[in-house]
file final03.json (JSON, C-alpha atoms)
[["chain", "number", "residue", "atom", "x", "y", "z"],
["M", 189, "GLN", "CA", 92.21, 96.36, 103.87],
["M", 190, "ALA", "CA", 92.49, 95.74, 107.59],
["M", 191, "LEU", "CA", 93.86, 92.26, 106.99],
["M", 192, "GLY", "CA", 96.29, 93.52, 104.38],
["M", 193, "VAL", "CA", 97.68, 96.14, 106.72],
["M", 194, "ALA", "CA", 97.91, 93.59, 109.55],
["M", 195, "ARG", "CA", 99.70, 91.06, 107.32],
["M", 196, "ALA", "CA", 102.12, 93.70, 106.08],
["M", 197, "ALA", "CA", 102.83, 94.80, 109.67],
["M", 198, "LEU", "CA", 103.43, 91.21, 110.78],
["M", 199, "ASP", "CA", 105.75, 90.51, 107.86],
["M", 200, "LEU", "CA", 107.75, 93.69, 108.40],
["M", 201, "THR", "CA", 107.91, 93.06, 112.15],
["M", 202, "CYS", "CA", 109.27, 89.54, 111.58],
["M", 203, "GLU", "CA", 111.83, 90.96, 109.16],
["M", 204, "LEU", "CA", 112.94, 93.72, 111.53],
["M", 205, "LEU", "CA", 113.12, 91.39, 114.53],
["M", 206, "ALA", "CA", 115.03, 88.77, 112.52],
["M", 207, "GLY", "CA", 117.65, 91.47, 111.98],
["M", 208, "LYS", "CA", 117.89, 91.68, 115.78],
["M", 209, "GLY", "CA", 118.15, 87.90, 116.21],
["M", 210, "VAL", "CA", 114.51, 87.11, 117.01],
["M", 211, "GLU", "CA", 113.05, 84.53, 114.65],
["M", 212, "LEU", "CA", 109.95, 82.39, 114.95],
["M", 213, "ASP", "CA", 110.70, 78.72, 115.47],
["M", 214, "TYR", "CA", 107.59, 76.56, 115.54],
["M", 215, "ASP", "CA", 109.52, 73.64, 117.05],
["M", 216, "LYS", "CA", 110.07, 75.44, 120.34],
["M", 217, "THR", "CA", 107.80, 74.72, 123.27],
["M", 218, "TYR", "CA", 105.94, 77.52, 124.99],
["M", 219, "HIS", "CA", 108.50, 77.73, 127.80],
["M", 220, "GLN", "CA", 111.42, 77.97, 125.38],
["M", 221, "MET", "CA", 110.05, 81.06, 123.65],
["M", 222, "SER", "CA", 110.73, 84.66, 124.52],
["M", 223, "ALA", "CA", 107.90, 87.06, 125.35],
["M", 224, "VAL", "CA", 108.34, 88.67, 121.93],
["M", 225, "GLU", "CA", 107.99, 85.31, 120.19],
["M", 226, "ASN", "CA", 104.85, 84.54, 122.23],
["M", 227, "ASP", "CA", 103.38, 87.89, 121.24],
["M", 228, "LEU", "CA", 104.10, 87.24, 117.58],
["M", 229, "TYR", "CA", 102.42, 83.83, 117.73],
["M", 230, "ASP", "CA", 99.37, 85.39, 119.39],
["M", 231, "LEU", "CA", 99.23, 88.10, 116.72],
["M", 232, "GLU", "CA", 99.49, 85.48, 113.97],
["M", 233, "ALA", "CA", 96.61, 83.53, 115.53],
["M", 234, "ASP", "CA", 94.45, 86.67, 115.81],
["M", 235, "TYR", "CA", 95.20, 87.53, 112.19],
["M", 236, "GLU", "CA", 94.31, 84.03, 111.01],
["M", 237, "ALA", "CA", 90.99, 84.05, 112.92],
["M", 238, "ALA", "CA", 89.96, 87.33, 111.29],
["M", 239, "ARG", "CA", 91.10, 86.11, 107.87],
["M", 240, "LEU", "CA", 88.96, 82.99, 108.15],
["M", 241, "LEU", "CA", 85.90, 85.06, 109.10],
["M", 242, "VAL", "CA", 86.42, 87.24, 106.04],
["M", 243, "LEU", "CA", 86.80, 84.18, 103.81],
["M", 244, "LYS", "CA", 83.58, 82.68, 105.18],
["M", 245, "ALA", "CA", 81.58, 85.86, 104.55],
["M", 246, "ALA", "CA", 83.04, 86.13, 101.04],
["M", 247, "TRP", "CA", 82.29, 82.48, 100.31],
["M", 248, "MET", "CA", 78.70, 82.98, 101.41],
["M", 249, "ALA", "CA", 78.35, 86.03, 99.16],
["M", 250, "ASP", "CA", 79.86, 84.13, 96.23],
["M", 251, "ASN", "CA", 77.35, 81.35, 96.78],
["M", 252, "LYS", "CA", 74.41, 83.78, 97.00],
["M", 253, "MET", "CA", 73.76, 83.02, 100.66],
["M", 254, "PRO", "CA", 72.51, 85.69, 103.10],
["M", 255, "ASN", "CA", 75.58, 86.91, 104.95],
["M", 256, "SER", "CA", 74.82, 90.22, 106.65],
["M", 257, "LYS", "CA", 75.61, 88.75, 110.08],
["M", 258, "GLU", "CA", 78.88, 87.22, 108.87],
["M", 259, "ALA", "CA", 79.82, 90.36, 106.93],
["M", 260, "SER", "CA", 79.32, 92.50, 110.04],
["M", 261, "MET", "CA", 81.22, 90.00, 112.17],
["M", 262, "CYS", "CA", 84.20, 89.98, 109.84],
["M", 263, "LYS", "CA", 84.20, 93.78, 109.42],
["M", 264, "ALA", "CA", 84.24, 94.26, 113.18],
["M", 265, "LYS", "CA", 86.79, 91.51, 113.83],
["M", 266, "ALA", "CA", 89.12, 92.43, 110.97],
["M", 267, "ALA", "CA", 89.11, 96.10, 111.95],
["M", 268, "ARG", "CA", 89.82, 95.30, 115.62],
["M", 269, "VAL", "CA", 92.50, 92.76, 114.75],
["M", 270, "GLY", "CA", 94.10, 95.05, 112.17],
["M", 271, "ASN", "CA", 94.36, 97.83, 114.70],
["M", 272, "HIS", "CA", 95.58, 95.57, 117.51],
["M", 273, "VAL", "CA", 98.17, 93.81, 115.34],
["M", 274, "THR", "CA", 99.65, 96.97, 113.85],
["M", 275, "LEU", "CA", 99.88, 98.78, 117.19],
["M", 276, "ARG", "CA", 101.44, 95.73, 118.85],
["M", 277, "CYS", "CA", 103.93, 95.35, 115.98],
["M", 278, "VAL", "CA", 104.99, 98.98, 116.46],
["M", 279, "ALA", "CA", 105.50, 98.33, 120.17],
["M", 280, "LEU", "CA", 107.41, 95.08, 119.60],
["M", 281, "CYS", "CA", 109.86, 96.81, 117.28],
["M", 282, "GLN", "CA", 110.36, 99.62, 119.80],
["M", 283, "SER", "CA", 112.24, 102.58, 118.28],
["M", 284, "LEU", "CA", 112.26, 100.94, 114.83],
["M", 285, "GLY", "CA", 108.46, 100.72, 114.99],
["M", 286, "TYR", "CA", 108.07, 104.44, 115.62],
["M", 287, "SER", "CA", 110.63, 105.44, 113.02],
["M", 288, "GLU", "CA", 109.44, 106.96, 109.75],
["M", 289, "GLN", "CA", 112.25, 104.95, 108.15],
["M", 290, "HIS", "CA", 109.94, 101.91, 108.22],
["M", 291, "LEU", "CA", 106.26, 101.67, 107.41],
["M", 292, "LEU", "CA", 105.05, 100.26, 110.73],
["M", 293, "GLU", "CA", 103.94, 103.58, 112.14],
["M", 294, "LYS", "CA", 102.05, 104.30, 108.89],
["M", 295, "PHE", "CA", 100.39, 100.87, 109.04],
["M", 296, "ALA", "CA", 99.24, 101.66, 112.59],
["M", 297, "ARG", "CA", 97.74, 105.00, 111.52],
["M", 298, "ASP", "CA", 96.08, 103.40, 108.49],
["M", 299, "SER", "CA", 94.57, 100.61, 110.59],
["M", 300, "LYS", "CA", 92.73, 103.11, 112.79],
["M", 301, "ILE", "CA", 91.06, 104.86, 109.86],
["M", 302, "ILE", "CA", 90.03, 101.47, 108.43],
["M", 303, "ASP", "CA", 88.24, 100.73, 111.70],
["M", 304, "ILE", "CA", 86.27, 103.97, 111.33],
["M", 305, "PHE", "CA", 85.76, 103.58, 107.57],
["M", 306, "GLU", "CA", 84.18, 100.12, 107.88],
["M", 307, "GLY", "CA", 81.61, 101.42, 110.36],
["M", 308, "THR", "CA", 81.97, 101.71, 114.07],
["M", 309, "GLN", "CA", 82.31, 98.58, 116.14],
["M", 310, "GLN", "CA", 79.01, 99.38, 117.86],
["M", 311, "ILE", "CA", 77.11, 99.48, 114.56],
["M", 312, "GLN", "CA", 78.59, 96.16, 113.40],
["M", 313, "GLN", "CA", 77.81, 94.57, 116.77],
["M", 314, "LEU", "CA", 74.25, 95.89, 116.62],
["M", 315, "ILE", "CA", 73.75, 94.29, 113.21],
["M", 316, "VAL", "CA", 75.11, 90.98, 114.50],
["M", 317, "ALA", "CA", 72.87, 91.16, 117.59],
["M", 318, "ARG", "CA", 69.80, 91.78, 115.43],
["M", 319, "ARG", "CA", 70.57, 88.74, 113.29],
["M", 320, "VAL", "CA", 71.35, 86.48, 116.24],
["M", 321, "LEU", "CA", 68.29, 87.59, 118.23],
["M", 322, "GLU", "CA", 66.09, 87.75, 115.09],
["M", 323, "LYS", "CA", 65.01, 91.32, 115.88],
["M", 324, "SER", "CA", 64.25, 94.14, 113.46],
["M", 325, "SER", "CA", 65.93, 97.52, 113.56],
["M", 326, "SER", "CA", 62.84, 99.00, 115.22],
["M", 327, "GLU", "CA", 62.89, 96.28, 117.91],
["M", 328, "LEU", "CA", 66.60, 96.53, 118.70],
["M", 329, "LYS", "CA", 68.19, 99.96, 118.54]]
call {"tool": "encode", "arguments": {"input": "final03.json", "output": "structure tokens"}}
result
Amino acid sequence: QALGVARAALDLTCELLAGKGVELDYDKTYHQMSAVENDLYDLEADYEAARLLVLKAAWMADNKMPNSKEASMCKAKAARVGNHVTLRCVALCQSLGYSEQHLLEKFARDSKIIDIFEGTQQIQQLIVARRVLEKSSSELK
């Protein structure tokens, strides 16, 4: 869900900004890009990193491999990225992002509840720490 909301926010942001003359051009060098374009590239990279973590955890589950560490990692990362991407997209689109005429502000609200719904960041990080440190729940609280 978090990735879906983030992808939808990125797509809508690109569409809205294209209407204002800002389009991503992968042939430009870093110094030729505007700050908005740089932000969009960073958001795309964050999204892709979270997506790949989710795919890895899903692949492990499909192949009957233990994946509690990877599942917690991707839940925490996807929720953080989803929230960051949607809020940044709202900010990049300025007044259009806050308008109820477009769905960006709804995506931003939805991304926050997804973060809570998937379990708090602290819980997911605790699960990851237990797996990495090979500690039980009674040893690492």
call {"tool": "atom_distance", "arguments": {"input": "final03.json", "atom1": "CA of Glu293 (chain M)", "atom2": "CA of Ala197 (chain M)"}}
result
9.2 Å
call {"tool": "closest_residue", "arguments": {"input": "final03.json", "among": "M:Gln313, M:Ala245, M:Ala196, M:Gln289", "to": "Ala259 (chain M)", "atoms": "all atoms listed in the file"}}
result
M:Ala245
call {"tool": "closest_residue", "arguments": {"input": "final03.json", "among": "M:Val269, M:Val210, M:Leu291, M:Leu241", "to": "Asn226 (chain M)", "atoms": "only C-alpha atoms"}}
result
M:Val210
call {"tool": "atom_distance", "arguments": {"input": "final03.json", "atom1": "CA of Leu212 (chain M)", "atom2": "CA of Cys281 (chain M)"}}
result
14.6 Å
call {"tool": "atom_distance", "arguments": {"input": "final03.json", "atom1": "CA of His290 (chain M)", "atom2": "CA of Tyr235 (chain M)"}}
result
21.0 Å
call {"tool": "closest_residue", "arguments": {"input": "final03.json", "among": "M:Val320, M:Val242, M:Leu280, M:Ala223", "to": "Leu204 (chain M)", "atoms": "only C-alpha atoms"}}
result
M:Leu280
call {"tool": "residues_near_point", "arguments": {"input": "final03.json", "point": "(97.9, 95.5, 112.6)", "cutoff": "6 Å", "atoms": "all atoms listed in the file", "output": "PyMOL selection string"}}
result
chain M and resi 193-194+197+270-275
call {"tool": "closest_residue", "arguments": {"input": "final03.json", "among": "M:Ser299, M:Ser256, M:Ser325, M:Gln282", "to": "Ala190 (chain M)", "atoms": "all atoms listed in the file"}}
result
M:Ser299
call {"tool": "closest_residue", "arguments": {"input": "final03.json", "among": "M:Asp199, M:Glu327, M:Glu322, M:Asp215", "to": "Leu228 (chain M)", "atoms": "only C-alpha atoms"}}
result
M:Asp199
call {"tool": "closest_residue", "arguments": {"input": "final03.json", "among": "M:Lys252, M:Asp230, M:Leu243, M:Lys265", "to": "Thr308 (chain M)", "atoms": "all atoms listed in the file"}}
result
M:Lys265
call {"tool": "build_atoms", "arguments": {"input": "final03.json", "residues": "region 273-284 of chain M", "atoms": "all heavy atoms", "output": "short mmCIF file (atom, residue, chain, number, x, y, z; two decimals), in the coordinates of the input"}}
result
data_model
loop_
_atom_site.label_atom_id
_atom_site.label_comp_id
_atom_site.auth_asym_id
_atom_site.auth_seq_id
_atom_site.Cartn_x
_atom_site.Cartn_y
_atom_site.Cartn_z
N VAL M 273 96.93 94.38 115.88
CA VAL M 273 98.17 93.81 115.34
C VAL M 273 99.16 94.91 114.98
O VAL M 273 100.34 94.84 115.35
CB VAL M 273 97.88 92.91 114.12
CG1 VAL M 273 99.14 92.60 113.33
CG2 VAL M 273 97.21 91.61 114.56
N THR M 274 98.70 95.94 114.27
CA THR M 274 99.65 96.97 113.85
C THR M 274 100.22 97.74 115.04
O THR M 274 101.42 98.00 115.08
CB THR M 274 98.99 97.96 112.86
OG1 THR M 274 97.82 98.52 113.45
CG2 THR M 274 98.64 97.28 111.55
N LEU M 275 99.37 98.06 116.01
CA LEU M 275 99.88 98.78 117.19
C LEU M 275 100.85 97.92 117.99
O LEU M 275 101.87 98.40 118.50
CB LEU M 275 98.72 99.24 118.07
CG LEU M 275 97.85 100.35 117.50
CD1 LEU M 275 96.67 100.63 118.41
CD2 LEU M 275 98.66 101.62 117.27
N ARG M 276 100.55 96.63 118.11
CA ARG M 276 101.44 95.73 118.85
C ARG M 276 102.76 95.55 118.10
O ARG M 276 103.82 95.47 118.73
CB ARG M 276 100.73 94.39 119.07
CG ARG M 276 101.42 93.50 120.04
CD ARG M 276 101.36 94.09 121.47
NE ARG M 276 102.35 93.40 122.26
CZ ARG M 276 103.31 93.99 122.96
NH1 ARG M 276 103.38 95.29 123.04
NH2 ARG M 276 104.19 93.28 123.63
N CYS M 277 102.70 95.48 116.78
CA CYS M 277 103.93 95.35 115.98
C CYS M 277 104.83 96.58 116.18
O CYS M 277 106.05 96.45 116.31
CB CYS M 277 103.61 95.16 114.50
SG CYS M 277 103.01 93.51 114.09
N VAL M 278 104.22 97.76 116.21
CA VAL M 278 104.99 98.98 116.46
C VAL M 278 105.68 98.88 117.82
O VAL M 278 106.87 99.16 117.96
CB VAL M 278 104.08 100.23 116.40
CG1 VAL M 278 104.78 101.45 116.97
CG2 VAL M 278 103.63 100.50 114.97
N ALA M 279 104.94 98.44 118.82
CA ALA M 279 105.50 98.33 120.17
C ALA M 279 106.60 97.27 120.24
O ALA M 279 107.62 97.49 120.89
CB ALA M 279 104.39 98.00 121.16
N LEU M 280 106.40 96.14 119.57
CA LEU M 280 107.41 95.08 119.60
C LEU M 280 108.73 95.52 118.98
O LEU M 280 109.80 95.09 119.39
CB LEU M 280 106.90 93.83 118.88
CG LEU M 280 105.84 93.02 119.60
CD1 LEU M 280 105.31 91.91 118.70
CD2 LEU M 280 106.39 92.43 120.90
N CYS M 281 108.64 96.36 117.96
CA CYS M 281 109.86 96.81 117.28
C CYS M 281 110.48 98.03 117.94
O CYS M 281 111.50 98.54 117.49
CB CYS M 281 109.55 97.10 115.81
SG CYS M 281 109.21 95.61 114.88
N GLN M 282 109.87 98.51 119.00
CA GLN M 282 110.36 99.62 119.80
C GLN M 282 110.70 100.83 118.93
O GLN M 282 109.87 101.29 118.17
CB GLN M 282 111.52 99.16 120.67
CG GLN M 282 111.12 98.07 121.62
CD GLN M 282 112.29 97.47 122.36
OE1 GLN M 282 113.45 97.78 122.09
NE2 GLN M 282 112.00 96.61 123.30
N SER M 283 111.91 101.35 119.01
CA SER M 283 112.24 102.58 118.28
C SER M 283 112.14 102.39 116.76
O SER M 283 111.78 103.32 116.05
CB SER M 283 113.63 103.08 118.66
OG SER M 283 114.61 102.12 118.34
N LEU M 284 112.41 101.20 116.26
CA LEU M 284 112.26 100.94 114.83
C LEU M 284 110.79 101.05 114.41
O LEU M 284 110.49 101.47 113.29
CB LEU M 284 112.79 99.55 114.45
CG LEU M 284 114.29 99.34 114.52
CD1 LEU M 284 114.63 97.88 114.23
CD2 LEU M 284 115.01 100.25 113.55
#
